[in-house]
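With compact mmCIF, C-alpha atoms inside, this is protein.txt:
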# COMPACT_ATOMS: atom_id res chain seq x y z
CA MET B 29 -53.91 -92.94 -5.99
CA THR B 30 -52.55 -94.21 -2.72
CA VAL B 31 -50.13 -92.03 -0.82
CA VAL B 32 -47.55 -93.93 1.18
CA GLU B 33 -46.00 -91.98 4.01
CA GLU B 34 -42.36 -92.73 4.66
CA THR B 35 -41.61 -93.49 8.27
CA PRO B 36 -38.43 -91.89 9.68
CA ALA B 37 -35.54 -94.22 10.32
CA HIS B 38 -35.34 -93.46 14.03
CA VAL B 39 -39.03 -94.30 14.44
CA VAL B 40 -38.51 -97.66 12.72
CA GLU B 41 -35.52 -98.45 14.90
CA ASP B 42 -37.46 -97.58 18.03
CA ALA B 43 -40.41 -99.69 16.89
CA VAL B 44 -38.33 -102.86 16.49
CA PRO B 45 -38.40 -104.68 19.84
CA ASP B 46 -35.26 -106.03 21.42
CA PRO B 47 -34.69 -109.81 21.31
CA PRO B 48 -35.95 -111.64 24.42
CA GLY B 49 -33.41 -111.90 27.16
CA ILE B 50 -31.28 -108.99 25.94
CA ALA B 51 -31.59 -105.68 27.74
CA HIS B 52 -31.87 -102.50 25.67
CA VAL B 53 -28.69 -100.45 25.93
CA PRO B 54 -29.14 -96.82 24.87
CA GLU B 55 -26.49 -95.32 22.63
CA PRO B 56 -24.19 -92.80 24.30
CA PRO B 57 -24.90 -89.17 23.37
CA ASP B 58 -22.65 -87.43 20.88
CA ARG B 59 -20.08 -85.26 22.57
CA PRO B 60 -18.28 -82.58 20.53
CA ARG B 61 -14.52 -82.72 20.52
CA ARG B 62 -12.95 -80.05 22.70
CA ILE B 63 -10.45 -78.01 20.72
CA GLY B 64 -9.75 -75.19 23.16
CA GLY B 65 -8.68 -74.72 26.73
CA VAL B 66 -5.82 -76.07 28.81
CA THR B 67 -5.86 -79.70 29.87
CA ARG B 68 -3.52 -81.75 32.00
CA GLY B 69 -2.63 -84.04 29.12
CA GLY B 70 -1.91 -81.09 26.87
CA VAL B 71 0.43 -79.49 29.40
CA LEU B 72 2.28 -82.76 29.89
CA ALA B 73 2.55 -83.28 26.13
CA VAL B 74 3.96 -79.80 25.56
CA THR B 75 6.43 -80.17 28.44
CA GLY B 76 7.61 -83.58 27.31
CA ALA B 77 7.91 -82.47 23.68
CA ALA B 78 9.92 -79.40 24.72
CA ALA B 79 12.31 -81.53 26.77
CA SER B 80 12.64 -84.02 23.90
CA GLY B 81 13.34 -81.27 21.36
CA LEU B 82 15.96 -79.67 23.58
CA CYS B 83 17.72 -82.96 24.23
CA ALA B 84 17.65 -83.88 20.54
CA ALA B 85 19.16 -80.52 19.56
CA ILE B 86 21.90 -80.87 22.20
CA LEU B 87 22.65 -84.37 20.92
CA LEU B 88 22.82 -83.26 17.29
CA PHE B 89 24.93 -80.16 17.93
CA GLY B 90 27.20 -81.74 20.53
CA GLU B 91 27.76 -85.35 19.55
CA LEU B 92 26.36 -86.57 16.24
CA ALA B 93 26.61 -83.75 13.70
CA PRO B 94 29.23 -80.98 13.22
CA LEU B 95 26.71 -78.20 13.71
CA SER B 96 27.12 -74.88 15.47
CA GLY B 97 25.41 -71.55 15.91
CA THR B 98 22.68 -70.26 18.21
CA LEU B 99 20.13 -69.72 15.44
CA GLY B 100 20.59 -73.20 14.05
CA PHE B 101 20.33 -74.72 17.52
CA THR B 102 17.07 -72.85 18.18
CA VAL B 103 15.51 -73.83 14.85
CA THR B 104 16.54 -77.48 15.24
CA ALA B 105 15.20 -77.66 18.80
CA TYR B 106 11.90 -76.14 17.72
CA LEU B 107 11.46 -78.54 14.78
CA CYS B 108 12.25 -81.52 17.03
CA PHE B 109 9.75 -80.15 19.56
CA LEU B 110 7.00 -80.00 16.91
CA ALA B 111 7.76 -83.54 15.75
CA ALA B 112 7.71 -84.90 19.30
CA TYR B 113 4.50 -83.02 20.11
CA ALA B 114 2.79 -84.40 17.01
CA MET B 115 3.81 -87.95 17.99
CA LEU B 116 2.57 -87.54 21.57
CA THR B 117 -0.80 -86.09 20.55
CA GLY B 118 -1.16 -88.77 17.86
CA LEU B 119 -1.22 -91.44 20.56
CA GLU B 120 -4.58 -90.19 21.85
CA ASP B 121 -6.25 -88.18 19.06
CA ASP B 122 -6.99 -88.63 15.39
CA GLY B 123 -5.41 -86.81 12.44
CA PRO B 124 -7.54 -83.60 12.44
CA ALA B 125 -7.04 -83.17 16.18
CA VAL B 126 -3.26 -83.62 15.82
CA ARG B 127 -3.08 -81.02 13.05
CA ASP B 128 -5.23 -78.64 15.06
CA ARG B 129 -3.02 -78.93 18.14
CA VAL B 130 0.22 -78.59 16.18
CA MET B 131 -1.02 -75.49 14.36
CA THR B 132 -2.19 -74.04 17.68
CA VAL B 133 1.31 -74.47 19.09
CA VAL B 134 2.84 -72.89 15.97
CA LEU B 135 0.54 -69.85 16.20
CA TRP B 136 1.20 -69.44 19.92
CA SER B 137 4.93 -69.66 19.25
CA ALA B 138 4.74 -66.98 16.55
CA ALA B 139 2.68 -64.72 18.81
CA THR B 140 5.19 -65.20 21.63
CA VAL B 141 8.11 -64.31 19.37
CA LEU B 142 6.39 -61.17 18.08
CA PHE B 143 5.36 -60.03 21.55
CA SER B 144 8.87 -60.68 22.87
CA ALA B 145 10.39 -58.64 20.05
CA LEU B 146 7.97 -55.77 20.74
CA ALA B 147 8.68 -55.89 24.47
CA LEU B 148 12.42 -55.95 23.76
CA VAL B 149 12.24 -52.88 21.51
CA VAL B 150 10.08 -50.91 23.93
CA GLY B 151 12.08 -51.95 26.97
CA PHE B 152 15.44 -51.21 25.35
CA THR B 153 14.26 -47.76 24.24
CA LEU B 154 12.94 -46.88 27.68
CA TRP B 155 16.09 -48.18 29.36
CA ARG B 156 18.42 -46.17 27.14
CA GLY B 157 16.28 -43.04 27.50
CA ARG B 158 15.88 -43.30 31.27
CA GLN B 159 18.52 -40.58 31.79
CA ALA B 160 16.67 -37.92 29.78
CA LEU B 161 13.03 -38.68 30.59
CA PRO B 162 13.04 -37.63 34.29
CA HIS B 163 14.08 -34.03 33.44
CA GLY B 164 11.20 -31.60 33.02
CA ASN B 165 13.11 -29.37 30.63
CA PHE B 166 13.32 -32.30 28.21
CA PHE B 167 9.62 -31.78 27.40
CA THR B 168 9.39 -27.97 27.64
CA HIS B 169 12.62 -26.62 26.07
CA ASP B 170 14.12 -26.76 22.60
CA MET B 171 17.73 -27.23 21.50
CA GLN B 172 18.34 -23.64 20.38
CA ALA B 173 20.46 -22.76 23.40
CA ALA B 174 21.89 -26.25 24.08
CA GLY B 175 24.83 -27.97 22.45
CA PRO B 176 26.19 -31.51 22.26
CA LEU B 177 28.40 -31.00 25.34
CA ASP B 178 25.66 -29.54 27.54
CA PRO B 179 24.15 -31.75 30.26
CA LEU B 180 20.65 -33.18 30.14
CA THR B 181 19.39 -30.34 32.33
CA ALA B 182 19.68 -28.05 29.27
CA GLY B 183 17.66 -28.36 26.08
CA GLY B 184 14.75 -30.57 25.15
CA ILE B 185 12.48 -31.83 22.37
CA ALA B 186 9.57 -29.40 22.63
CA HIS B 187 10.20 -28.19 19.06
CA ALA B 188 10.13 -31.77 17.72
CA MET B 189 6.98 -32.70 19.64
CA LEU B 190 5.10 -29.64 18.39
CA GLY B 191 6.35 -30.17 14.84
CA THR B 192 5.19 -33.79 14.83
CA LEU B 193 1.74 -32.86 16.10
CA ILE B 194 1.35 -30.10 13.50
CA MET B 195 2.56 -32.26 10.59
CA ILE B 196 0.45 -35.29 11.49
CA SER B 197 -2.61 -33.06 12.04
CA ILE B 198 -2.22 -31.59 8.55
CA ALA B 199 -1.72 -35.05 7.08
CA LEU B 200 -4.79 -36.44 8.87
CA ALA B 201 -6.93 -33.48 7.77
CA ILE B 202 -6.02 -34.31 4.17
CA THR B 203 -5.90 -38.10 4.34
CA VAL B 204 -9.01 -39.04 6.32
CA PRO B 205 -11.69 -37.42 4.09
CA LEU B 206 -9.91 -38.25 0.84
CA GLY B 207 -9.09 -41.81 1.91
CA LEU B 208 -12.59 -42.62 3.15
CA ALA B 209 -14.22 -41.01 0.09
CA CYS B 210 -11.98 -42.99 -2.26
CA ALA B 211 -12.66 -46.22 -0.36
CA VAL B 212 -16.42 -45.64 -0.55
CA TYR B 213 -16.10 -44.96 -4.28
CA LEU B 214 -14.16 -48.18 -4.86
CA ASN B 215 -16.69 -50.14 -2.81
CA GLN B 216 -19.94 -48.65 -4.09
CA ILE B 217 -19.23 -47.79 -7.73
CA PRO B 218 -17.59 -50.77 -9.44
CA GLY B 219 -16.36 -50.37 -12.98
CA ARG B 220 -13.36 -49.98 -15.20
CA PHE B 221 -12.23 -46.70 -13.66
CA SER B 222 -12.56 -48.02 -10.11
CA ARG B 223 -10.33 -50.97 -11.04
CA PHE B 224 -7.80 -48.52 -12.42
CA VAL B 225 -7.92 -46.47 -9.21
CA ARG B 226 -7.51 -49.62 -7.10
CA THR B 227 -4.44 -50.59 -9.13
CA ILE B 228 -2.91 -47.14 -8.61
CA VAL B 229 -3.61 -47.32 -4.87
CA GLU B 230 -1.98 -50.74 -4.58
CA ALA B 231 1.05 -49.47 -6.49
CA MET B 232 1.33 -46.41 -4.23
CA THR B 233 1.35 -48.67 -1.16
CA ALA B 234 4.92 -49.69 -2.01
CA LEU B 235 6.00 -46.13 -2.85
CA PRO B 236 9.33 -45.24 -1.17
CA SER B 237 9.05 -42.34 1.23
CA ILE B 238 11.92 -40.47 -0.41
CA VAL B 239 9.97 -40.39 -3.68
CA ALA B 240 7.00 -38.75 -1.95
CA GLY B 241 9.32 -36.17 -0.43
CA LEU B 242 10.95 -35.46 -3.78
CA MET B 243 7.57 -35.07 -5.47
CA VAL B 244 6.38 -32.48 -2.94
CA TYR B 245 9.80 -30.79 -3.01
CA ALA B 246 9.73 -30.53 -6.81
CA THR B 247 6.13 -29.31 -7.11
CA TRP B 248 5.56 -27.23 -3.97
CA ILE B 249 9.00 -25.80 -3.29
CA LEU B 250 10.80 -25.69 -6.66
CA GLY B 251 7.76 -25.40 -8.94
CA LEU B 252 5.59 -22.98 -6.97
CA GLY B 253 8.43 -21.24 -5.16
CA MET B 254 7.21 -21.94 -1.64
CA GLU B 255 9.63 -22.24 1.25
CA LYS B 256 10.27 -25.29 3.35
CA SER B 257 7.62 -25.53 6.05
CA GLY B 258 5.51 -27.87 8.10
CA LEU B 259 2.71 -27.59 5.54
CA ALA B 260 4.92 -29.07 2.83
CA ALA B 261 5.94 -31.86 5.21
CA GLY B 262 2.27 -32.52 5.92
CA PHE B 263 1.66 -32.86 2.18
CA ALA B 264 4.49 -35.37 1.87
CA ILE B 265 3.29 -37.39 4.86
CA SER B 266 -0.27 -37.43 3.49
CA VAL B 267 1.03 -38.94 0.24
CA MET B 268 2.50 -41.80 2.28
CA MET B 269 -0.62 -42.25 4.42
CA LEU B 270 -3.25 -42.03 1.70
CA PRO B 271 -2.78 -45.46 0.03
CA ILE B 272 -2.65 -47.22 3.41
CA VAL B 273 -5.93 -45.63 4.55
CA ILE B 274 -7.65 -46.29 1.21
CA ARG B 275 -6.59 -49.91 1.00
CA ALA B 276 -7.47 -50.75 4.60
CA SER B 277 -10.79 -48.88 4.44
CA ASP B 278 -11.73 -50.64 1.21
CA VAL B 279 -11.16 -54.03 2.84
CA VAL B 280 -13.22 -53.02 5.88
CA LEU B 281 -16.14 -51.74 3.78
CA ARG B 282 -16.25 -55.04 1.91
CA LEU B 283 -16.96 -56.80 5.20
CA VAL B 284 -20.22 -54.90 5.76
CA PRO B 285 -23.09 -57.39 5.21
CA GLY B 286 -24.91 -56.84 1.95
CA THR B 287 -28.25 -57.46 3.65
CA LEU B 288 -27.93 -54.14 5.50
CA THR B 289 -27.47 -52.26 2.23
CA GLU B 290 -30.33 -54.14 0.60
CA ALA B 291 -32.63 -53.43 3.53
CA SER B 292 -31.83 -49.74 3.42
CA GLU B 293 -32.42 -49.51 -0.30
CA ALA B 294 -35.62 -51.53 0.03
CA LEU B 295 -36.94 -48.84 2.38
CA GLY B 296 -36.40 -46.25 -0.35
CA ALA B 297 -33.23 -44.64 0.98
CA PRO B 298 -30.89 -43.17 -1.66
CA ARG B 299 -27.39 -44.49 -2.05
CA TRP B 300 -25.68 -41.60 -0.25
CA ARG B 301 -27.98 -41.93 2.75
CA THR B 302 -27.33 -45.67 2.88
CA VAL B 303 -23.60 -45.04 2.88
CA TRP B 304 -23.78 -42.30 5.49
CA HIS B 305 -26.25 -43.91 7.92
CA VAL B 306 -25.68 -47.66 7.40
CA ILE B 307 -22.33 -48.57 5.88
CA LEU B 308 -20.02 -46.07 7.57
CA PRO B 309 -21.47 -46.51 11.10
CA THR B 310 -21.29 -50.29 10.74
CA ALA B 311 -17.63 -50.17 9.67
CA ARG B 312 -16.63 -47.39 12.07
CA SER B 313 -14.37 -49.56 14.21
CA GLY B 314 -12.55 -50.95 11.18
CA LEU B 315 -12.20 -47.48 9.65
CA ALA B 316 -10.59 -46.28 12.88
CA THR B 317 -8.10 -49.13 12.54
CA ALA B 318 -7.36 -48.04 8.97
CA VAL B 319 -6.67 -44.50 10.16
CA ILE B 320 -4.39 -45.88 12.89
CA LEU B 321 -2.38 -47.86 10.32
CA GLY B 322 -1.97 -44.79 8.14
CA THR B 323 -0.99 -42.63 11.10
CA ALA B 324 1.59 -45.16 12.23
CA ARG B 325 3.09 -45.07 8.73
CA GLY B 326 3.18 -41.30 8.53
CA VAL B 327 4.32 -40.42 12.05
CA GLY B 328 7.60 -42.31 11.64
CA GLU B 329 8.70 -40.76 8.34
CA THR B 330 12.05 -38.97 8.30
CA SER B 331 13.31 -38.39 4.76
CA PRO B 332 10.17 -36.56 3.46
CA VAL B 333 10.29 -34.23 6.47
CA LEU B 334 13.98 -33.48 5.93
CA LEU B 335 13.39 -32.63 2.26
CA THR B 336 10.26 -30.54 2.68
CA ALA B 337 10.53 -29.00 6.17
CA GLY B 338 14.28 -28.77 6.66
CA PHE B 339 15.80 -28.87 10.13
CA THR B 340 15.86 -26.44 13.02
CA ALA B 341 16.77 -26.47 16.68
CA ALA B 342 14.29 -23.72 17.56
CA LEU B 343 10.59 -23.95 18.33
CA ASN B 344 8.42 -23.02 15.33
CA ALA B 345 4.64 -23.13 15.69
CA ASP B 346 3.86 -21.64 12.25
CA PRO B 347 3.36 -24.40 9.65
CA LEU B 348 3.23 -21.92 6.75
CA GLN B 349 6.77 -20.58 6.95
CA GLY B 350 10.10 -21.49 8.45
CA PRO B 351 11.74 -24.87 8.90
CA MET B 352 10.24 -27.42 11.25
CA VAL B 353 11.48 -30.67 12.72
CA SER B 354 9.70 -33.86 13.72
CA LEU B 355 10.43 -36.44 16.40
CA PRO B 356 11.86 -39.11 14.04
CA LEU B 357 14.18 -36.53 12.48
CA ALA B 358 15.24 -35.33 15.94
CA VAL B 359 15.94 -38.93 16.98
CA PHE B 360 18.13 -39.42 13.91
CA ASN B 361 20.02 -36.20 14.60
CA PHE B 362 20.54 -37.03 18.28
CA VAL B 363 21.60 -40.65 17.89
CA LYS B 364 24.20 -40.01 15.18
CA SER B 365 26.13 -37.80 17.63
CA PRO B 366 29.01 -39.48 19.53
CA GLU B 367 28.12 -37.68 22.78
CA PRO B 368 26.37 -39.84 25.41
CA THR B 369 24.00 -37.02 26.40
CA MET B 370 22.83 -36.58 22.81
CA ILE B 371 22.30 -40.33 22.46
CA ALA B 372 20.26 -40.32 25.68
CA ARG B 373 18.17 -37.47 24.23
CA GLY B 374 17.66 -39.53 21.08
CA PHE B 375 16.35 -42.55 22.97
CA GLY B 376 14.21 -40.30 25.13
CA ALA B 377 12.69 -38.74 22.01
CA ALA B 378 12.05 -42.24 20.63
CA ALA B 379 10.21 -43.14 23.84
CA VAL B 380 8.10 -39.98 23.54
CA LEU B 381 7.34 -40.90 19.92
CA MET B 382 6.07 -44.32 21.00
CA ALA B 383 3.96 -42.69 23.70
CA LEU B 384 2.52 -40.28 21.12
CA VAL B 385 1.57 -43.17 18.83
CA LEU B 386 -0.07 -44.91 21.79
CA VAL B 387 -2.08 -41.78 22.61
CA LEU B 388 -3.23 -41.43 19.00
CA PHE B 389 -4.15 -45.12 18.97
CA THR B 390 -6.22 -44.69 22.15
CA ILE B 391 -8.03 -41.65 20.75
CA ALA B 392 -8.83 -43.50 17.53
CA ARG B 393 -10.12 -46.49 19.50
CA LEU B 394 -12.38 -44.25 21.58
CA LEU B 395 -13.73 -42.48 18.50
CA GLY B 396 -14.12 -45.71 16.57
CA GLY B 397 -15.88 -47.55 19.36
CA ARG B 398 -16.46 -51.27 19.26
CA GLY B 399 -17.52 -53.49 16.43
CA PRO B 400 -21.10 -53.87 15.16
CA GLY B 401 -23.37 -55.27 17.85
CA HIS B 402 -20.89 -54.58 20.66
CA HIS B 403 -21.78 -51.33 22.41
CA THR B 404 -20.33 -49.73 25.47
CA LYS B 405 -22.62 -48.76 28.32
CA ARG B 406 -22.73 -45.19 27.08
CA GLN B 407 -23.59 -46.26 23.55
CA ALA B 408 -26.26 -48.64 24.86
CA ARG B 409 -27.89 -45.82 26.87
CA ARG B 410 -27.73 -43.55 23.82
CA ALA B 411 -29.35 -46.21 21.63
CA GLU B 412 -32.04 -46.76 24.27
CA ARG B 413 -32.86 -43.05 24.41
CA ALA B 414 -33.01 -42.87 20.62
CA SER B 415 -35.36 -45.86 20.49
CA ARG B 416 -37.59 -44.28 23.13
CA ARG B 417 -37.78 -41.04 21.14
CA ASP B 418 -38.64 -42.99 17.98
CA VAL B 419 -41.47 -44.78 19.79
CA GLU B 420 -42.87 -41.51 21.12
CA ARG B 421 -42.69 -39.91 17.68
CA PHE B 422 -44.41 -42.92 16.13
CA VAL B 423 -47.21 -42.72 18.69
CA GLU B 424 -47.68 -38.99 18.09
CA LEU B 425 -47.83 -39.41 14.31
CA HIS B 426 -50.31 -42.29 14.38
CA ALA B 427 -52.46 -41.22 17.34
CA PRO B 428 -55.29 -39.64 15.19
CA ALA B 429 -55.53 -42.70 12.97
CA LEU B 430 -55.60 -45.05 15.95
CA SER B 431 -58.31 -42.98 17.63
CA VAL B 432 -60.47 -43.15 14.46
CA LEU B 433 -60.14 -46.92 14.35
CA GLY B 434 -60.78 -47.40 18.05
CA GLY B 435 -63.38 -44.70 18.58
CA ALA B 436 -63.64 -40.97 19.01
CA PRO B 437 -60.69 -39.36 20.78
CA ALA B 438 -61.25 -38.12 24.27
CA ALA B 439 -62.38 -34.54 24.45
CA ALA B 440 -59.84 -32.11 25.74
CA PRO B 441 -60.71 -30.01 28.78
CA GLY B 442 -62.62 -26.91 27.74
CA ASP B 443 -64.00 -28.29 24.46
CA ASN B 444 -67.56 -28.42 25.82
CA ASP B 445 -67.56 -24.81 26.84
The structure given in the file should be rewritten as structure tokens.
Amino acid sequence: MTVVEETPAHVVEDAVPDPPGIAHVPEPPDRPRRIGGVTRGGVLAVTGAAASGLCAAILLFGELAPLSGTLGFTVTAYLCFLAAYAMLTGLEDDGPAVRDRVMTVVLWSAATVLFSALALVVGFTLWRGRQALPHGNFFTHDMQAAGPLDPLTAGGIAHAMLGTLIMISIALAITVPLGLACAVYLNQIPGRFSRFVRTIVEAMTALPSIVAGLMVYATWILGLGMEKSGLAAGFAISVMMLPIVIRASDVVLRLVPGTLTEASEALGAPRWRTVWHVILPTARSGLATAVILGTARGVGETSPVLLTAGFTAALNADPLQGPMVSLPLAVFNFVKSPEPTMIARGFGAAAVLMALVLVLFTIARLLGGRGPGHHTKRQARRAERASRRDVERFVELHAPALSVLGGAPAAAPGDND
């Protein structure tokens, strides 16, 4: 049997000589299309499309059509801008490039709108609370001896700050272990019951906060006869945080590569050790984000706190007895007053609440670290030290066997005596 080897196409093309009198012209190399970065043509296209959209909207609203309204003008100008930008980019690029550039502009526009709204909310809150924030007593005193007509030099939100920290600490102590354990169960033990639990969790995500407060009020206060306290408010807040943490953690755990789990199990590790040493450390950054989302949901609750912890103007550091107030509830109580000083206190308390959320977010980011494969300098040094210790331990364990294979081990000093 004769075996015929197939010659590659590029070899055949190179083997065919060029006709006489015609010089060989090499083909230009393939250059990938650039889809990112800022170019001069792109800037000019965006500027021209923006001017065209604005002029078209002015023409429609002022001359051609009986249209009016700021919102309609903005939407019309933006749609005309997108149409003009698509036409300008279509003069130079093909269809996929045009769609890519138009969608990039749409995403940048949405991000700009969201960031502008966030900056507006934060800036407006800080501006309205600028009268109360410079006073030191605003952070160290409570409202027990201050009234609505008192100046900003009297009273403060110390009782609300302490109450928020106590309530959110209780809620986190309940939510974090239960939420992570439930997420691991849903991810590692599939079955009929896990599908039922996932359905219940998804349904609880849309649970109104007043329902959670009523449930804790009916069971803990009316059923068991306990008094309103920060502990009951922590229970109510944990009910609101738990489905958020479970759902987000479940999604994060699904993103862990299955090859890591298979490699761990192939080495003989049991399931619990694989979860503890492989899955959870890999998803640590995402789990920290899940905790942040749950904390952001729970720290802003007002109605469950009012039902389960009551309201007080005095400082109460005991979560087991006595009413307690949180920062959102204090903001609501301050802002509904017609007095300018109380309104200033309300906006100042709102600014402190945003700062508290930012601090909790920073702590969670520091504890969560970076994503898999992205270590800080401290984590890199820690991993290097751990690797060095593993190498030393490996050498110590296998030194006798290596000495037998390579020859007799060197005699220690004093063995010949």
Separating CA of Leu82 in chain B from CA of Ala112 in chain B, to the nearest tenth of an Å, is a gap of 10.7 Å
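When CA of Thr104 in chain B is paired with CA of Phe152 in chain B, their separation reads 28.2 Å.
Between Gly258 in chain B and the residues B:Leu335, B:Met370, B:Ala138, B:Val306, the shortest atom-to-atom distance, using all atoms listed in the file, involves B:Leu335.
A straight line drawn from CA of Ser313 in chain B to CA of Ala392 in chain B is 8.9 Å long.
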Long-range neighbours of Thr302 in chain B as a PyMOL selection string, 10 Å cut-off, all atoms listed in the file, 3 positions minimum in chain:
chain B and resi 288-293+296-299+305-308
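Distances from B:Leu394, B:Ala240, B:Phe101, B:Ile194 to Arg406 in chain B were compared using all atoms listed in the file, and the smallest one belongs to B:Leu394.
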So which residues touch Ile371 in chain B within 12 Å, counting only C-alpha atoms, skipping near sequence neighbours fewer than 5 positions away, as a PyMOL selection string?
chain B and resi 153+156-160+176-177+179-180+358-366+376-378
